[in-house]
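Single-structure report; data block below.
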Amino acid sequence: MRFQRPRAAVLGLIGAGALAGAAPLARAGAGADAPAAASAAPPLARRAGSPVVLTPQQVAREYHEFYFTRGKYSEGGRGFRRGFGGGSWATDWPKADQQFMVVLKRLVGIDNSPLDNAVDLADPELRRFPFLYILEVGEMYMTDAELLGLRSYLAAGGFLVVDDFWGPYELANLERELGRLLPGKPLRELPLDHPLFNNVYDVSNVIQVPNVRTGQSHGMYGTPTHEGRGSEVPHVFGIDDDRGELMVVANWNTDIGDAWEWAENPYYPLKFSTYAFEIGVNMIVYAMSH
Amino acid sequence: MESIFEFLFKYHPALYRQGDIALRGPWPIATLLIAAVAVAAVVGFSYLRPRGRAGALDRGVMAVLRTSALCVIVLCLLQPTLVLRAVVPQRNFVGVLIDDSHSMTLPGEDGRPRSAFVADQLGPDGALLKALSERFAVRTFSFSSTTGRVSDPTALGYAGTRTDLASALDRVREDLSAVPLSGIIVISDGADNGGRVLAESLVPLQAASIPVFTVGLGEETLTPDVQIDRVQAPQSVLLGSAVVVDVIVSQRGYEGETVTLEVADETRILTQQPVALGEDGEPVVSRVRFTADQSGPRRVTFTIAPSPGERVAGNNRRELLMDVRDDRKKVLYFEGEPRFEVKFMRRAVDGDDNLQLVVLQRTAPDKFLRLDVDGAEELQSGFPKTREELFRYQGLILGSVEAGFFTHDQLLMIQDFVSQRGGGLLVLGGRHALAEGGYAGTPVADVIPVVMGPSQGDNPRAVEVKVSPTPAGALNPATQIASAGETPSAVWERLPALTTLNPIYQVKPGATTLLVGKSEGSPGEDRVVLAWQRFGRGRSFALPVQDSWIWQMHADVPLEDQSHERFWGQLLRGLVDGVGEPVSVSLDHERADAGQPIKVSARVRDSTYIELNDATVGARLIAPSGAERNLTLEWSVEDDGLYTATFVPDENGTWAVDVDASRAGAAIGRDEVWARVGAGDDEYFDAARRQALLERIAEETGGRSYRAADVDRLPEDIQYAGAGVTITEERDLWDMPFLFLVLVGLIGSEWAFRRRRGLV
C-alpha cells in the first residue's frame with residue numbers, strides 16, 4: 001500500500017492560492033528592513049540580508065524549527081549586482097524565499113519561519129541553519145573564509161542546495177568551486193529512484209524550470225525553456241557525505257527559485273511552479289531527515 | 001575468672017550449668033531441720049543470755065556468726081552433690097567440622113596460619129583429638145562449599161573457595177542421625193559466605209537437642225588492611241554503553257590515605273582513578289565510568305594495589321562477569337512533523353551496529369515517510385495498530401505528534417508497550433508534544449515521568465535553556481557524554497543552550513531528574529530537561545527540548561566534538577538496554593565452584609508478552625572446552641511462564657547457557673547467559689573471625705563457644721552436655737574449698753570480733 005499524495009496540479013493551485021494572499025506580504029518585505037510575519041508577534045528588527053540571530057527574548061516569539069537560509073558568497077570579476085543590495089546570491093531574493101515559505105507551511109506540517117534569512121558563508125551563525133540555498137553560481141568564487149565556513153557547515157551536517165546555473169561554463173565554475181570545497185567528491189547525476197525524488201512527492205521527471213520571462217513566453221508561444229546552447233536538458237546532481245547521504249544537491253539548467261518567486265503570476269505556467277514546489281519540499285524534507 | 005570459679009567450687013561452671021545440685025545426706029530433711037532449729041536455739045540461748053560485759057549488740061553479732069558457721073557444717077553434713085548426665089564413654093559420637101576454606105590459610109595472631117590449630121590439635125598427637133577420642137567416637141568432616149568426611153584432618157588442602165556453614169551443619173546432622181550424637185564441634189573462622197540462612201540449619205539441631213560447640217580461629221579485626229567490599233555493576237549491557245559502577249572500599253589502618261583503583265577487562269586497563277580512604281571501618285563509595293566496547297562475556301576486574309604491610313592482599317581485587325551484548329536493538333521514532341531532530345538523531349547513531357533507529361515521520365496530514373525499515377511491509381500502514389506489531393521494537397520515541405493522532409487503543413498499546421512488554425518510551429518536546437499535544441489525561445500521561453502543566457495552546461512560548469546534569473544525572477549511564485579524559489561537568493558547560501516549548505518543572509514521585517535547564521528569563525527556576533522512571537516492566541524518559549541537534553551544528557561546537565553522538569548513543573542505550581525479549585534467562589548465581597549446582601530460570605512469553613505455560617524449553621550448555629550437553633527446563637507450576645532446571649558444571653571456565661523456547665513446533669525465541677565456574681575470591685573478603693556468629697550458633701543450640709586458647713575444656717564440656725547415651729554421675733560438693741573458706745571465715749570473724757570488743 002502506498003500513502004496518498006496530493007496530485008501535482010492540485011499542489012500548484014494550492015501554491016498559487018496561498019500566494020495570492022501572501023503577495024502583499026512578499027512585496028512589503030522586499031527591500032524593507034523587517035519583513036513582517038503573518039503572526040501577531042512584533043516584527044523582528046534586523047538588517048536586510050543579515051541572518052536571523054535571536055536573543056533569548058526574541059526566541060520566545062520568533063523561534064521556528066526551519067529557516068529558509070540563503071547563502072551569501074563572493075564572486076569573480078564578471079559578477080554583477082542583482083536583487084537588493086547583493087551580488088548574484090541575491091537573485092530572486094527575498095520574494096522567492098518568502099513566497100516559498102508561505103507555500104511550504106501550507107503543504108507540509110512544518111514549523112517554518114516566514115522570514116527570509118540570508119547568511120554569509122563565512123558567518124559562524126551559518127551552522128545554526130542546517131538547510132542552505134545558493135544560486136546563480138556561474139561567477140561564484142568563494143573566499144578562503146567562505147570555503148572554510150561552508151566546509152565546516154557541510155561537515156557538521158548542513159545541507160546545500162544549488163540552483164539556477166545554466167550551461168557548461170557555469171557548471172564548470174561550480175565544479176571548480178566544489179573541487180576547492182570538497183576535493184575528491186565530484187558531482188554525480190541523481191537517478192529518479194533516489195529518495196530525494198519521492199520522500200514526499202513522487203517526482204517522475206526532472207523538468208526544466210525557466211525564468212519568468214522565458215516561462216511566460218513558453219506558456220504563450222511554446223518557445224524553448226532553455227537559456228542557450230548546452231542548457232537544453234535539466235539535471236539534478238548530488239554529492240554524498242561519508243555516510244552515503246546527500247549533502248549537496250545541484251539543479252543545473254533550471255531555475256527553481258524563479259518558479260517560487262513568480263508562482264502567483266497567471267502567465268507563468270502552473271506546471272513549472274508545481275514542480276518547483278514539489279522538488280523544493282522534497283529537498284527540505286530530505287534535508288531534515290537524512 | 002572461670003579458673004577462680006573452678007578453684008572455689010571444685011568444678012568448671014559449665015558443669016554447674018549442665019547439672020543439678022542435690023542433697024545426699026543419710027538423714028531425712030525433717031530430722032535435719034529439727035536438729036538445725038535445736039542447734040540454733042542452743043546457740044541463741046547461750047549467746048543471748050546476759051552474761052559478762054558483752055552487750056546485746058555484741059551478743060547478737062556473735063550469735064549470727066556462730067549460727068552461720070554451724071549452718072555451713074550442717075550443709076556439709078547434708079552432703080551436697082552435683083548430679084550430672086555424663087556420656088557413656090565410647091558409646092557416643094562427636095562430629096568435628098573443620099573449615100577447609102582458603103581463609104584458614106590467613107595468618108593468625110601468632111603469625112601462623114589459622115589451619116595450624118588443626119594440625120596441632122587434631123593430628124595424631126593432637127591434644128584435642130586425643131581427649132575427644134577417650135570419650136567419644138570422633139567423626140571428622142571438612143567443609144567449604146561442600147562437606148565431606150575426612151580421615152586425616154592434617155592433610156587438608158584449605159583450597160575451598162566458599163564457607164558454607166549451614167550446609168555443613170545439615171550434612172553432619174544427617175550423616176550422624178542414626179547414632180547417638182553428643183555434639184558437633186565446628187572449627188572455623190566463622191567467615192560464612194555460603195549465602196544460606198543459618199537459622200534454617202540451627203532449628204533442626206535445636207529440635208534434636210544436639211549442641212554445637214564452636215572453636216573460633218583468627219583475629220576479630222585484620223589491621224592494617226584495605227578491602228573492596230562490594231562492586232555494584234549491571235550484569236548485562238549493550239555493546240558501546242557507558243557503564244557506571246559503584247565500588248565500595250573500606251580499610252583499617254590506612255585512614256586518610258589515597259589508593260588507586262584500577263578497572264581492567266582481562267588484561268586491558270579500562271580506567272584508573274584515585275580513592276580517598278575513609279575512617280577505620282567506614283566504607284567509601286568510588287564511582288568509576290568506562291565504556292563496554294568489547295562484546296561477549298567480559299571478566300572485569302577492580303583492583304587496588306596492596307599497600308605496604310597490608311594483612312590480606314586477596315581482598316583488594318574483585319572480579320565480575322559482565323555480559324556485553326552485541327545485539328541490535330530496534331527503536332521506533334515516530335515524528336509528527338519535519339524536524340531536524342530526525343536527521344541529526346539518525347546521524348548520531350548512524351554506524352552504531354547495536355541501535356537501529358526506524359523513523360516514521362508525518363510530513364503532511366496522512367503522509368508518512370519511513371526510514372531504515374527492514375522491508376516494504378514494515379510500518380506500511382503507519383503507526384502500529386496491533387500490540388504484536390508495536391512490541392517488535394525495544395524502544396519507542398514520540399516526537400512532536402499530538403495525542404489526537406492516536407486512537408484510544410493505540411494510546412493503551414503504548415502504555416502496555418512499557419508496562420507489559422518492558423520497552424523503553426522516550427517522549428521528546430515539541431509544539432505538539434506533552435501538554436501542548438493534548439496528552440494530559442491519556443494513558444500515555446500515566447507512563448511519562450514528568451508532571452505536565454496546563455497547555456500553552458497552539459503557539460507555545462519558546463525558552464532557551466542551558467542544560468546541566470543533576471547529581472543523579474552525573475551518575476546515570478544514559479547521560480555519560482564525556483569522552484575519556486574529559487571532565488563531565490566541563491562538557492556540559494561548553495554545550496550551547498537548547499530550546500524548549502514545553503514548560504516542565506516537576507517529575508512524578510518515583511521519577512528521577514537527570515538533566516535540568518536554566519533559562520535567562522527565569523533564573524532559579526530549573527526546567528526538567530531529562531527525567532526517567534520505571535513503569536511496570538519497562539521505563540520511560542521525557543526530554544522536553546526540541547533541538548538537541550544544536551549540540552552538533554552550533555558554531556561553538558568543534559567538528560570533532562562527539563558530545564551529540566554520545567548523548568544519543570547513550571540515551572538510546574539507556575532506553576533499550578535490558579529490555580526483555582519473549583524469552584529471557586537468568587541464573588541463580590553467576591559464579592560457582594565446579595560441582596556446585598547452578599539453577600537456570602527462563603521466563604517465556606508470546607509475541608504479545610503473555611506468559612506461556614505450555615512451551616517446550618531447552619538449554620544447550622556449552623562448557624569451556626566446547627563440550628555441549630542439553631538440558632530440559634520444566635514449567636515451575638507456581639509461577640506463570642517460568643521454567644527452571646539445574647545443572648552441575650564440571651569444568652572451570654566460562655559456561656554458556658543457550659536457552660531456546662518453542663510452542664507447538666513454532667519458535668518463540670532464545671536467550672543466552674554466562675556462568676563463571678572456578679575458584680572464586682570470596683574467601684579473602686570479611687575474613688576476620690566472626691565471633692558473634694560462632695557464639696550465636698553455640699548459644700542457640702546449647703553448646704559453647706571457644707577460642708584456640710581455652711579449647712582444652714571442650715572435651716569435658718561435651719561429656720556433660722547431656723546429649724547422646726548418658727549415665728547419671730554424682731560429684732561431692734561438701735569438700736569444695738568455698739565451703740571451707742566460708743566456715744573458716746565465719747569462725748575467724750567471730751574470733752576477730754571478740755578480740756576487737758575485748759571479749760576474750
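Residue names in the C-alpha cells use chain letters A, B, ... in the order shown, residue numbers from 1 in each chain, and ligand numbers from 1 in the order shown.
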
If we count only C-alpha atoms, what is near region 231-245 of chain A at a cut-off of 9 Å, once residues fewer than 5 positions away on the same chain are taken out, given as a short mmCIF file (atom, residue, chain, number, x, y, z; two decimals) with N, CA and C atoms, in the first residue's frame?
data_model
loop_
_atom_site.label_atom_id
_atom_site.label_comp_id
_atom_site.auth_asym_id
_atom_site.auth_seq_id
_atom_site.Cartn_x
_atom_site.Cartn_y
_atom_site.Cartn_z
N LEU A 154 29.06 21.87 6.06
CA LEU A 154 28.70 20.57 5.48
C LEU A 154 29.22 19.42 6.34
N ALA A 155 30.41 19.60 6.90
CA ALA A 155 30.97 18.52 7.72
C ALA A 155 30.15 18.32 8.99
N GLY A 157 26.97 18.72 9.22
CA GLY A 157 25.69 18.11 8.91
C GLY A 157 24.76 19.00 8.11
N TRP A 166 23.32 27.68 -15.47
CA TRP A 166 22.98 27.14 -16.79
C TRP A 166 24.24 26.95 -17.63
N GLY A 167 24.21 25.98 -18.47
CA GLY A 167 25.23 25.78 -19.48
C GLY A 167 26.54 25.24 -18.93
N PRO A 168 27.41 24.81 -19.85
CA PRO A 168 28.66 24.17 -19.44
C PRO A 168 29.58 25.09 -18.67
N LYS A 185 35.31 14.83 -4.32
CA LYS A 185 33.89 14.48 -4.27
C LYS A 185 33.20 15.15 -5.46
N PRO A 186 33.23 14.55 -6.63
CA PRO A 186 32.61 15.16 -7.81
C PRO A 186 31.09 15.05 -7.77
N LEU A 187 30.46 15.91 -8.52
CA LEU A 187 29.01 15.83 -8.67
C LEU A 187 28.64 14.56 -9.42
N ARG A 188 27.54 13.97 -9.02
CA ARG A 188 27.04 12.81 -9.76
C ARG A 188 25.56 13.02 -10.02
N GLU A 189 25.11 12.50 -11.14
CA GLU A 189 23.71 12.64 -11.50
C GLU A 189 22.86 11.77 -10.57
N LEU A 190 21.78 12.33 -10.07
CA LEU A 190 20.91 11.55 -9.17
C LEU A 190 19.87 10.82 -10.00
N PRO A 191 19.75 9.52 -9.82
CA PRO A 191 18.71 8.78 -10.55
C PRO A 191 17.33 9.11 -9.99
N VAL A 206 12.48 15.11 -14.28
CA VAL A 206 13.15 16.36 -13.94
C VAL A 206 12.76 17.37 -15.00
N ILE A 207 12.07 18.41 -14.59
CA ILE A 207 11.56 19.41 -15.53
C ILE A 207 12.47 20.61 -15.55
N GLN A 208 12.62 21.17 -16.73
CA GLN A 208 13.39 22.41 -16.82
C GLN A 208 12.47 23.57 -16.44
N VAL A 209 12.81 24.24 -15.36
CA VAL A 209 12.01 25.38 -14.91
C VAL A 209 12.66 26.64 -15.45
N PRO A 224 11.21 27.59 -26.51
CA PRO A 224 12.02 26.71 -25.63
C PRO A 224 12.21 27.34 -24.26
N THR A 225 12.49 26.47 -23.30
CA THR A 225 12.66 26.93 -21.92
C THR A 225 14.13 27.06 -21.53
N HIS A 226 15.04 26.64 -22.41
CA HIS A 226 16.45 26.68 -22.00
C HIS A 226 17.04 28.06 -22.21
N ALA A 250 22.50 19.90 -6.66
CA ALA A 250 22.70 20.99 -7.62
C ALA A 250 21.69 20.82 -8.77
N ASN A 251 20.85 21.82 -8.96
CA ASN A 251 19.85 21.80 -10.02
C ASN A 251 20.39 22.59 -11.21
N TRP A 252 20.86 21.90 -12.21
CA TRP A 252 21.53 22.51 -13.37
C TRP A 252 20.54 22.69 -14.51
N ASN A 253 20.70 23.78 -15.20
CA ASN A 253 19.85 24.11 -16.35
C ASN A 253 18.39 24.23 -15.93
N THR A 254 18.18 24.82 -14.82
CA THR A 254 16.81 25.03 -14.32
C THR A 254 16.85 26.17 -13.31
N HIS A 290 17.57 13.26 6.50
CA HIS A 290 18.69 12.41 6.07
C HIS A 290 20.01 13.07 6.45
N ARG B 347 21.85 10.67 12.29
CA ARG B 347 23.30 10.82 12.10
C ARG B 347 24.07 10.37 13.33
N ASP B 350 24.11 6.71 13.45
CA ASP B 350 24.48 6.07 12.19
C ASP B 350 25.79 5.30 12.38
N GLY B 351 25.83 4.10 11.90
CA GLY B 351 27.03 3.29 12.06
C GLY B 351 27.09 2.57 13.38
#

Using only C-alpha atoms, determine which residues of chain B fall within 8 Å of chain A; present them as a ChimeraX atom specification.
/B:337-344,346-347,350,362-369,380-381,461-464,520-521,550,552-555,559

For Gly108 (chain B), find every residue with an atom within 8 Å (counting only C-alpha atoms), except residues of its own chain fewer than 4 positions away, and show them as a list in words.
Arg112, Pro113, Arg114, Leu217, Gly218 and Glu219 of chain B

CA of Arg605 (chain B) and CA of Gly618 (chain B), how far apart in Å?
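Atom-to-atom, CA of Gly618 (chain B) and CA of Arg605 (chain B) are spaced 14.7 Å apart.
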
6 Å contact set for region 445-450 of chain B, only C-alpha atoms, chain neighbours under 2 positions out, as a PyMOL selection string:
chain B and resi 439-440+442-443+506-508+511+532-533+540

Distance query Phe738 (chain B) at most 8 Å, only C-alpha atoms, self and fewer than 3 positions along chain excluded, as an mmCIF file with N, CA and C atoms, in the first residue's frame:
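Result file is around.cif:
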data_model
loop_
_atom_site.group_PDB
_atom_site.id
_atom_site.type_symbol
_atom_site.label_atom_id
_atom_site.label_comp_id
_atom_site.auth_asym_id
_atom_site.auth_seq_id
_atom_site.Cartn_x
_atom_site.Cartn_y
_atom_site.Cartn_z
ATOM 1 N N LEU B 8 37.277 -22.444 93.538
ATOM 2 C CA LEU B 8 36.416 -22.277 94.711
ATOM 3 C C LEU B 8 35.328 -23.339 94.784
ATOM 4 N N PHE B 9 34.794 -23.633 93.598
ATOM 5 C CA PHE B 9 33.626 -24.537 93.608
ATOM 6 C C PHE B 9 33.933 -25.926 93.086
ATOM 7 N N LEU B 741 36.331 -22.270 103.139
ATOM 8 C CA LEU B 741 36.733 -20.877 103.327
ATOM 9 C C LEU B 741 35.631 -20.082 104.040
ATOM 10 N N VAL B 742 34.410 -20.377 103.730
ATOM 11 C CA VAL B 742 33.297 -19.690 104.407
ATOM 12 C C VAL B 742 33.293 -20.042 105.898
#

I need the residue nearest Gly296 (chain B) from this list: B:Ala348, B:Leu181, B:Leu239, B:Leu398. Use only C-alpha atoms for the distance.
B:Leu239

Among region 180-284 of chain A, which residues carry a DSSP assignment of strand (DSSP E or B), reported as a short mmCIF file (atom, residue, chain, number, x, y, z; two decimals) with N, CA and C atoms, in the first residue's frame?
data_model
loop_
_atom_site.label_atom_id
_atom_site.label_comp_id
_atom_site.auth_asym_id
_atom_site.auth_seq_id
_atom_site.Cartn_x
_atom_site.Cartn_y
_atom_site.Cartn_z
N ARG A 188 27.54 13.97 -9.02
CA ARG A 188 27.04 12.81 -9.76
C ARG A 188 25.56 13.02 -10.02
N GLU A 189 25.11 12.50 -11.14
CA GLU A 189 23.71 12.64 -11.50
C GLU A 189 22.86 11.77 -10.57
N HIS A 235 19.31 18.82 -15.24
CA HIS A 235 19.88 17.71 -14.49
C HIS A 235 19.82 18.02 -12.99
N VAL A 236 19.77 16.96 -12.21
CA VAL A 236 19.90 17.13 -10.75
C VAL A 236 21.12 16.33 -10.34
N PHE A 237 22.11 17.05 -9.87
CA PHE A 237 23.34 16.41 -9.42
C PHE A 237 23.37 16.36 -7.89
N GLY A 238 24.26 15.54 -7.40
CA GLY A 238 24.39 15.47 -5.94
C GLY A 238 25.79 15.06 -5.52
N ILE A 239 26.10 15.33 -4.29
CA ILE A 239 27.35 14.85 -3.67
C ILE A 239 26.96 14.23 -2.33
N ASP A 240 27.46 13.03 -2.12
CA ASP A 240 27.16 12.33 -0.86
C ASP A 240 28.21 12.64 0.20
N LEU A 246 23.00 12.34 0.86
CA LEU A 246 23.23 13.56 0.10
C LEU A 246 23.54 14.73 1.01
N MET A 247 24.53 15.54 0.63
CA MET A 247 24.74 16.78 1.38
C MET A 247 24.73 17.99 0.44
N VAL A 248 24.87 17.71 -0.84
CA VAL A 248 24.80 18.80 -1.83
C VAL A 248 23.86 18.35 -2.96
N VAL A 249 22.92 19.22 -3.31
CA VAL A 249 22.07 18.99 -4.48
C VAL A 249 22.24 20.18 -5.41
N ALA A 250 22.50 19.90 -6.66
CA ALA A 250 22.70 20.99 -7.62
C ALA A 250 21.69 20.82 -8.77
N ASN A 251 20.85 21.82 -8.96
CA ASN A 251 19.85 21.80 -10.02
C ASN A 251 20.39 22.59 -11.21
N TRP A 252 20.86 21.90 -12.21
CA TRP A 252 21.53 22.51 -13.37
C TRP A 252 20.54 22.69 -14.51
#

Calculated over only C-alpha atoms, which of the candidates A:Asp92, A:Glu264, A:Asp116, A:Asp164 has the smallest distance to Tyr67 (chain A)?
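Between A:Asp92, A:Glu264, A:Asp116, A:Asp164, the residue approaching Tyr67 (chain A) most closely is A:Asp116.
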
Would you work out the distance separating CA of Gly424 (chain B) from CA of Leu390 (chain B), expressed in Å to one decimal?
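Taking CA of Gly424 (chain B) as the start and CA of Leu390 (chain B) as the end point, the length is 11.9 Å.
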
Please identify all polymer residues within 7 Å of region 567-576 of chain B, counting only C-alpha atoms, omitting same-chain residues fewer than 4 positions from it, and present them as a list in words.
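Listing them by chain and then by number gives Leu238, Ser241, Ala242, Lys329, Met345, Ala348, Val349, Gln394, Gly395, Gly423, Gly424, Leu425, Pro477, Ala478, Thr479, Gln480, Ile481 and Ser563 of chain B.
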
Selection above as a file: C-alpha atoms, as a PDB file, in the first residue's frame:
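After the write, result-v3.pdb holds the following:
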ATOM      1  CA  LEU B 238      24.625  -3.293  25.299  1.00  0.00           C
ATOM      2  CA  SER B 241      27.241   1.546  26.539  1.00  0.00           C
ATOM      3  CA  ALA B 242      28.712   3.778  29.195  1.00  0.00           C
ATOM      4  CA  LYS B 329      18.044  -3.056  19.404  1.00  0.00           C
ATOM      5  CA  MET B 345      19.416  11.726  15.710  1.00  0.00           C
ATOM      6  CA  ALA B 348      24.221  10.407  15.762  1.00  0.00           C
ATOM      7  CA  VAL B 349      23.525   6.689  15.795  1.00  0.00           C
ATOM      8  CA  GLN B 394      12.531  -2.419  22.113  1.00  0.00           C
ATOM      9  CA  GLY B 395      12.236   1.351  22.259  1.00  0.00           C
ATOM     10  CA  GLY B 423      10.016  -1.497  26.468  1.00  0.00           C
ATOM     11  CA  GLY B 424      11.503   1.955  26.788  1.00  0.00           C
ATOM     12  CA  LEU B 425       9.485   5.061  25.903  1.00  0.00           C
ATOM     13  CA  PRO B 477      24.793   5.845  32.251  1.00  0.00           C
ATOM     14  CA  ALA B 478      22.258   7.476  29.929  1.00  0.00           C
ATOM     15  CA  THR B 479      23.861  10.892  30.405  1.00  0.00           C
ATOM     16  CA  GLN B 480      27.532   9.996  30.212  1.00  0.00           C
ATOM     17  CA  ILE B 481      28.713  12.095  27.285  1.00  0.00           C
ATOM     18  CA  SER B 563      29.009  15.056  22.502  1.00  0.00           C
TER      19      SER B 563
END

Do you know which residues are at most 12 Å from Tyr254 (chain B) counting only C-alpha atoms, after dropping those on the same chain fewer than 5 positions away, and could you put them as a list in words?
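The neighbour list is Thr223, Pro224, Asp225, Val226, Gln227, Val249, Val259, Val275, Ala276, Leu277, Gly278, Glu279, Asp280, Gly281, Glu282, Pro306, Ser307, Pro308, Gly309, Glu310 and Arg311 of chain B.
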
Export of prior selection with N, CA and C atoms as a PDB file, in the first residue's frame:
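As written to disk, selection-v7.pdb reads:
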ATOM      1  N   THR B 223      44.132  -5.744  60.809  1.00  0.00           N
ATOM      2  CA  THR B 223      44.701  -4.399  60.677  1.00  0.00           C
ATOM      3  C   THR B 223      46.205  -4.518  60.423  1.00  0.00           C
ATOM      4  N   PRO B 224      46.749  -3.778  59.476  1.00  0.00           N
ATOM      5  CA  PRO B 224      46.081  -2.889  58.523  1.00  0.00           C
ATOM      6  C   PRO B 224      45.619  -3.657  57.293  1.00  0.00           C
ATOM      7  N   ASP B 225      44.555  -3.143  56.722  1.00  0.00           N
ATOM      8  CA  ASP B 225      44.014  -3.851  55.556  1.00  0.00           C
ATOM      9  C   ASP B 225      43.090  -2.923  54.761  1.00  0.00           C
ATOM     10  N   VAL B 226      43.110  -3.053  53.456  1.00  0.00           N
ATOM     11  CA  VAL B 226      42.173  -2.372  52.551  1.00  0.00           C
ATOM     12  C   VAL B 226      41.353  -3.453  51.872  1.00  0.00           C
ATOM     13  N   GLN B 227      40.051  -3.234  51.779  1.00  0.00           N
ATOM     14  CA  GLN B 227      39.198  -4.250  51.168  1.00  0.00           C
ATOM     15  C   GLN B 227      38.189  -3.607  50.231  1.00  0.00           C
ATOM     16  N   VAL B 249      34.728   0.657  49.124  1.00  0.00           N
ATOM     17  CA  VAL B 249      36.052   0.331  49.661  1.00  0.00           C
ATOM     18  C   VAL B 249      36.078   0.656  51.150  1.00  0.00           C
ATOM     19  N   VAL B 259      44.471   5.630  47.601  1.00  0.00           N
ATOM     20  CA  VAL B 259      44.948   4.498  46.819  1.00  0.00           C
ATOM     21  C   VAL B 259      44.395   4.619  45.405  1.00  0.00           C
ATOM     22  N   VAL B 275      41.242   6.836  45.009  1.00  0.00           N
ATOM     23  CA  VAL B 275      40.188   6.670  46.013  1.00  0.00           C
ATOM     24  C   VAL B 275      40.733   7.159  47.348  1.00  0.00           C
ATOM     25  N   ALA B 276      40.089   8.172  47.916  1.00  0.00           N
ATOM     26  CA  ALA B 276      40.483   8.663  49.246  1.00  0.00           C
ATOM     27  C   ALA B 276      39.812   7.773  50.287  1.00  0.00           C
ATOM     28  N   LEU B 277      40.620   7.085  51.085  1.00  0.00           N
ATOM     29  CA  LEU B 277      40.073   6.136  52.054  1.00  0.00           C
ATOM     30  C   LEU B 277      39.422   6.883  53.211  1.00  0.00           C
ATOM     31  N   GLY B 278      38.393   6.263  53.802  1.00  0.00           N
ATOM     32  CA  GLY B 278      37.668   6.887  54.909  1.00  0.00           C
ATOM     33  C   GLY B 278      38.260   6.498  56.251  1.00  0.00           C
ATOM     34  N   GLU B 279      37.441   6.676  57.281  1.00  0.00           N
ATOM     35  CA  GLU B 279      37.888   6.316  58.626  1.00  0.00           C
ATOM     36  C   GLU B 279      37.928   4.798  58.756  1.00  0.00           C
ATOM     37  N   ASP B 280      38.578   4.336  59.814  1.00  0.00           N
ATOM     38  CA  ASP B 280      38.699   2.894  60.031  1.00  0.00           C
ATOM     39  C   ASP B 280      37.320   2.239  60.062  1.00  0.00           C
ATOM     40  N   GLY B 281      37.145   1.244  59.231  1.00  0.00           N
ATOM     41  CA  GLY B 281      35.889   0.507  59.211  1.00  0.00           C
ATOM     42  C   GLY B 281      34.767   1.199  58.479  1.00  0.00           C
ATOM     43  N   GLU B 282      34.981   2.442  58.038  1.00  0.00           N
ATOM     44  CA  GLU B 282      33.928   3.186  57.348  1.00  0.00           C
ATOM     45  C   GLU B 282      34.097   3.023  55.833  1.00  0.00           C
ATOM     46  N   PRO B 306      48.113  -3.617  46.666  1.00  0.00           N
ATOM     47  CA  PRO B 306      48.310  -3.775  48.115  1.00  0.00           C
ATOM     48  C   PRO B 306      49.217  -2.676  48.673  1.00  0.00           C
ATOM     49  N   SER B 307      48.844  -2.144  49.820  1.00  0.00           N
ATOM     50  CA  SER B 307      49.650  -1.125  50.497  1.00  0.00           C
ATOM     51  C   SER B 307      50.717  -1.824  51.338  1.00  0.00           C
ATOM     52  N   PRO B 308      51.766  -1.091  51.683  1.00  0.00           N
ATOM     53  CA  PRO B 308      52.836  -1.706  52.493  1.00  0.00           C
ATOM     54  C   PRO B 308      52.287  -2.230  53.823  1.00  0.00           C
ATOM     55  N   GLY B 309      52.631  -3.461  54.129  1.00  0.00           N
ATOM     56  CA  GLY B 309      52.240  -4.056  55.395  1.00  0.00           C
ATOM     57  C   GLY B 309      50.829  -4.579  55.454  1.00  0.00           C
ATOM     58  N   GLU B 310      50.145  -4.591  54.328  1.00  0.00           N
ATOM     59  CA  GLU B 310      48.737  -4.995  54.346  1.00  0.00           C
ATOM     60  C   GLU B 310      48.587  -6.476  54.691  1.00  0.00           C
ATOM     61  N   ARG B 311      47.604  -6.793  55.547  1.00  0.00           N
ATOM     62  CA  ARG B 311      47.454  -8.161  56.037  1.00  0.00           C
ATOM     63  C   ARG B 311      46.905  -9.114  54.975  1.00  0.00           C
TER      64      ARG B 311
END

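With only C-alpha atoms as the atoms that count, the minimum distance from Gln562 (chain B) to the choices B:Ala627, B:Ile34, B:Leu612, B:Val491 is reached by B:Val491.
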
Out of B:Pro582, B:Val247, B:Val557, B:Ser519, which residue has the shortest atom-to-atom distance to Phe391 (chain B) when counting only C-alpha atoms?
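Going through B:Pro582, B:Val247, B:Val557, B:Ser519 one by one, the smallest distance to Phe391 (chain B) is for B:Pro582.
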
So what do you get for CA of Phe7 (chain B) versus CA of Met736 (chain B), distance-wise?
8.3 Å

Check region 52-106 of chain B with DSSP on the backbone and list each residue it calls alpha helix (DSSP H), as a ChimeraX atom specification.
/B:56-77
